Amino acid sequence: MKLYHFQSCPYCAYVRDEFQKMGLVAGKDYELVEASRGTPGRDEVVRLGGLSQVPFLVDGDHRMYESRDIVKYVQLRKAS
């Protein structure tokens, strides 16, 4: 899994916090990709998803925006 984010984004912080509560570790369980404006990560978000919006999750062929949807998806994935 890759989570595209930037540090000062409150929605990204929510996802990172929830991942931590689930016991997920950045660099081990998922990759954090810097995606603030003007970065290659943001360009990749637009290329992969069509919107310049973060947080953005890529898990194989599954791509999604919206912090709460991302958290729900990962909770369900972790439970199965």
# chains A, B, ... in the order shown; residues from 1 in each chain; ligands from 1
call {"tool": "select_by_dssp", "arguments": {"residues": "chain A", "states": "strand (DSSP E or B)", "output": "list in words"}}
result
Lys2, Leu3, Tyr4, His5, Ala26, Tyr30, Glu31, Leu32, Val33, Glu34, Phe56, Leu57, Val58, Asp59, His62, Arg63, Met64 and Tyr65 of chain A
call {"tool": "write_last_selection", "arguments": {"atoms": "N, CA and C atoms", "output": "mmCIF file, in the first residue's frame"}}
result
data_model
loop_
_atom_site.group_PDB
_atom_site.id
_atom_site.type_symbol
_atom_site.label_atom_id
_atom_site.label_comp_id
_atom_site.auth_asym_id
_atom_site.auth_seq_id
_atom_site.Cartn_x
_atom_site.Cartn_y
_atom_site.Cartn_z
ATOM 1 N N LYS A 2 0.407 2.255 -0.693
ATOM 2 C CA LYS A 2 1.066 3.561 -0.686
ATOM 3 C C LYS A 2 0.052 4.594 -0.234
ATOM 4 N N LEU A 3 0.454 5.439 0.708
ATOM 5 C CA LEU A 3 -0.373 6.552 1.149
ATOM 6 C C LEU A 3 0.314 7.841 0.741
ATOM 7 N N TYR A 4 -0.320 8.561 -0.158
ATOM 8 C CA TYR A 4 0.179 9.862 -0.594
ATOM 9 C C TYR A 4 -0.373 10.898 0.371
ATOM 10 N N HIS A 5 0.508 11.754 0.885
ATOM 11 C CA HIS A 5 0.123 12.679 1.948
ATOM 12 C C HIS A 5 1.068 13.877 1.954
ATOM 13 N N ALA A 26 4.683 2.719 9.113
ATOM 14 C CA ALA A 26 5.145 3.284 7.845
ATOM 15 C C ALA A 26 6.507 2.705 7.507
ATOM 16 N N TYR A 30 3.124 -0.066 5.049
ATOM 17 C CA TYR A 30 2.710 0.806 3.952
ATOM 18 C C TYR A 30 3.809 1.820 3.698
ATOM 19 N N GLU A 31 3.779 2.386 2.500
ATOM 20 C CA GLU A 31 4.760 3.390 2.107
ATOM 21 C C GLU A 31 4.111 4.766 2.160
ATOM 22 N N LEU A 32 4.776 5.712 2.790
ATOM 23 C CA LEU A 32 4.325 7.109 2.791
ATOM 24 C C LEU A 32 5.009 7.823 1.634
ATOM 25 N N VAL A 33 4.213 8.502 0.813
ATOM 26 C CA VAL A 33 4.756 9.237 -0.327
ATOM 27 C C VAL A 33 4.415 10.706 -0.147
ATOM 28 N N GLU A 34 5.436 11.545 -0.118
ATOM 29 C CA GLU A 34 5.252 12.996 0.001
ATOM 30 C C GLU A 34 4.513 13.506 -1.232
ATOM 31 N N PHE A 56 -4.416 10.052 -0.522
ATOM 32 C CA PHE A 56 -4.737 9.184 -1.647
ATOM 33 C C PHE A 56 -4.065 7.852 -1.381
ATOM 34 N N LEU A 57 -4.831 6.782 -1.438
ATOM 35 C CA LEU A 57 -4.312 5.449 -1.159
ATOM 36 C C LEU A 57 -4.280 4.619 -2.427
ATOM 37 N N VAL A 58 -3.175 3.923 -2.635
ATOM 38 C CA VAL A 58 -3.052 2.960 -3.727
ATOM 39 C C VAL A 58 -2.716 1.616 -3.098
ATOM 40 N N ASP A 59 -3.562 0.630 -3.366
ATOM 41 C CA ASP A 59 -3.348 -0.728 -2.880
ATOM 42 C C ASP A 59 -3.584 -1.655 -4.069
ATOM 43 N N HIS A 62 -6.483 -0.982 -6.483
ATOM 44 C CA HIS A 62 -7.466 -0.199 -5.721
ATOM 45 C C HIS A 62 -6.895 1.186 -5.421
ATOM 46 N N ARG A 63 -7.627 2.231 -5.813
ATOM 47 C CA ARG A 63 -7.188 3.615 -5.606
ATOM 48 C C ARG A 63 -8.334 4.401 -5.001
ATOM 49 N N MET A 64 -8.017 5.187 -3.970
ATOM 50 C CA MET A 64 -9.103 5.943 -3.341
ATOM 51 C C MET A 64 -8.626 7.207 -2.662
ATOM 52 N N TYR A 65 -9.536 8.179 -2.642
ATOM 53 C CA TYR A 65 -9.382 9.431 -1.916
ATOM 54 C C TYR A 65 -10.301 9.335 -0.684
#
call {"tool": "residues_around", "arguments": {"residues": "A:Ala79", "least_positions_apart": "6", "cutoff": "12 Å", "atoms": "only C-alpha atoms", "output": "list in words"}}
result
Met22, Lys72 and Tyr73 of chain A
call {"tool": "residues_around", "arguments": {"residues": "A:Val71", "least_positions_apart": "5", "cutoff": "9 Å", "atoms": "only C-alpha atoms", "output": "ChimeraX atom specification"}}
result
/A:14-15,18-19,66,76
call {"tool": "residues_around", "arguments": {"residues": "A:Ala35", "least_positions_apart": "5", "cutoff": "8 Å", "atoms": "only C-alpha atoms", "output": "PyMOL selection string"}}
result
chain A and resi 4-6+40-43+45+54
call {"tool": "write_last_selection", "arguments": {"atoms": "N, CA, C and O atoms", "output": "tab-separated table (two decimals), in the first residue's frame"}}
result
chain	number	residue	atom	x	y	z
A	4	TYR	N	-0.32	8.56	-0.16
A	4	TYR	CA	0.18	9.86	-0.59
A	4	TYR	C	-0.37	10.90	0.37
A	4	TYR	O	-1.58	10.93	0.64
A	5	HIS	N	0.51	11.75	0.88
A	5	HIS	CA	0.12	12.68	1.95
A	5	HIS	C	1.07	13.88	1.95
A	5	HIS	O	2.05	13.92	1.22
A	6	PHE	N	0.74	14.85	2.81
A	6	PHE	CA	1.74	15.84	3.20
A	6	PHE	C	1.52	16.16	4.67
A	6	PHE	O	0.43	15.98	5.20
A	40	PRO	N	6.85	15.49	-7.07
A	40	PRO	CA	6.55	14.36	-7.97
A	40	PRO	C	5.42	13.48	-7.43
A	40	PRO	O	4.64	12.93	-8.22
A	41	GLY	N	5.30	13.38	-6.11
A	41	GLY	CA	4.22	12.60	-5.51
A	41	GLY	C	2.85	13.14	-5.88
A	41	GLY	O	1.92	12.38	-6.17
A	42	ARG	N	2.70	14.45	-5.86
A	42	ARG	CA	1.41	15.06	-6.23
A	42	ARG	C	1.13	14.82	-7.69
A	42	ARG	O	-0.01	14.52	-8.07
A	43	ASP	N	2.15	14.92	-8.54
A	43	ASP	CA	1.96	14.62	-9.97
A	43	ASP	C	1.48	13.18	-10.15
A	43	ASP	O	0.62	12.90	-10.98
A	45	VAL	N	-0.24	11.40	-7.94
A	45	VAL	CA	-1.64	11.34	-7.48
A	45	VAL	C	-2.58	11.72	-8.62
A	45	VAL	O	-3.56	11.02	-8.89
A	54	VAL	N	-5.24	14.92	-1.60
A	54	VAL	CA	-4.68	13.94	-0.66
A	54	VAL	C	-5.51	13.97	0.61
A	54	VAL	O	-6.19	14.96	0.86
call {"tool": "closest_residue", "arguments": {"among": "A:Val25, A:Val46, A:Met1, A:Cys9", "to": "A:Asp61", "atoms": "only C-alpha atoms"}}
result
A:Met1
call {"tool": "residues_around", "arguments": {"residues": "A:Asp17", "least_positions_apart": "6", "cutoff": "12 Å", "atoms": "only C-alpha atoms", "output": "JSON, numbers by chain"}}
result
{"A": [7, 10, 11, 23, 24, 25, 26, 67, 68, 71]}
call {"tool": "write_last_selection", "arguments": {"atoms": "C-alpha atoms", "output": "PDB file, in the first residue's frame"}}
result
ATOM      1  CA  GLN A   7       2.615  16.639   6.790  1.00  0.00           C
ATOM      2  CA  PRO A  10      -5.294  17.445   8.719  1.00  0.00           C
ATOM      3  CA  TYR A  11      -7.030  14.703   6.701  1.00  0.00           C
ATOM      4  CA  GLY A  23      -0.627  -1.088  14.549  1.00  0.00           C
ATOM      5  CA  LEU A  24       0.491  -0.325  11.001  1.00  0.00           C
ATOM      6  CA  VAL A  25       4.055   0.915  10.615  1.00  0.00           C
ATOM      7  CA  ALA A  26       5.145   3.284   7.845  1.00  0.00           C
ATOM      8  CA  SER A  67      -9.689   9.953   4.612  1.00  0.00           C
ATOM      9  CA  ARG A  68     -12.613   8.127   6.245  1.00  0.00           C
ATOM     10  CA  VAL A  71      -9.461   4.156   7.027  1.00  0.00           C
TER      11      VAL A  71
END
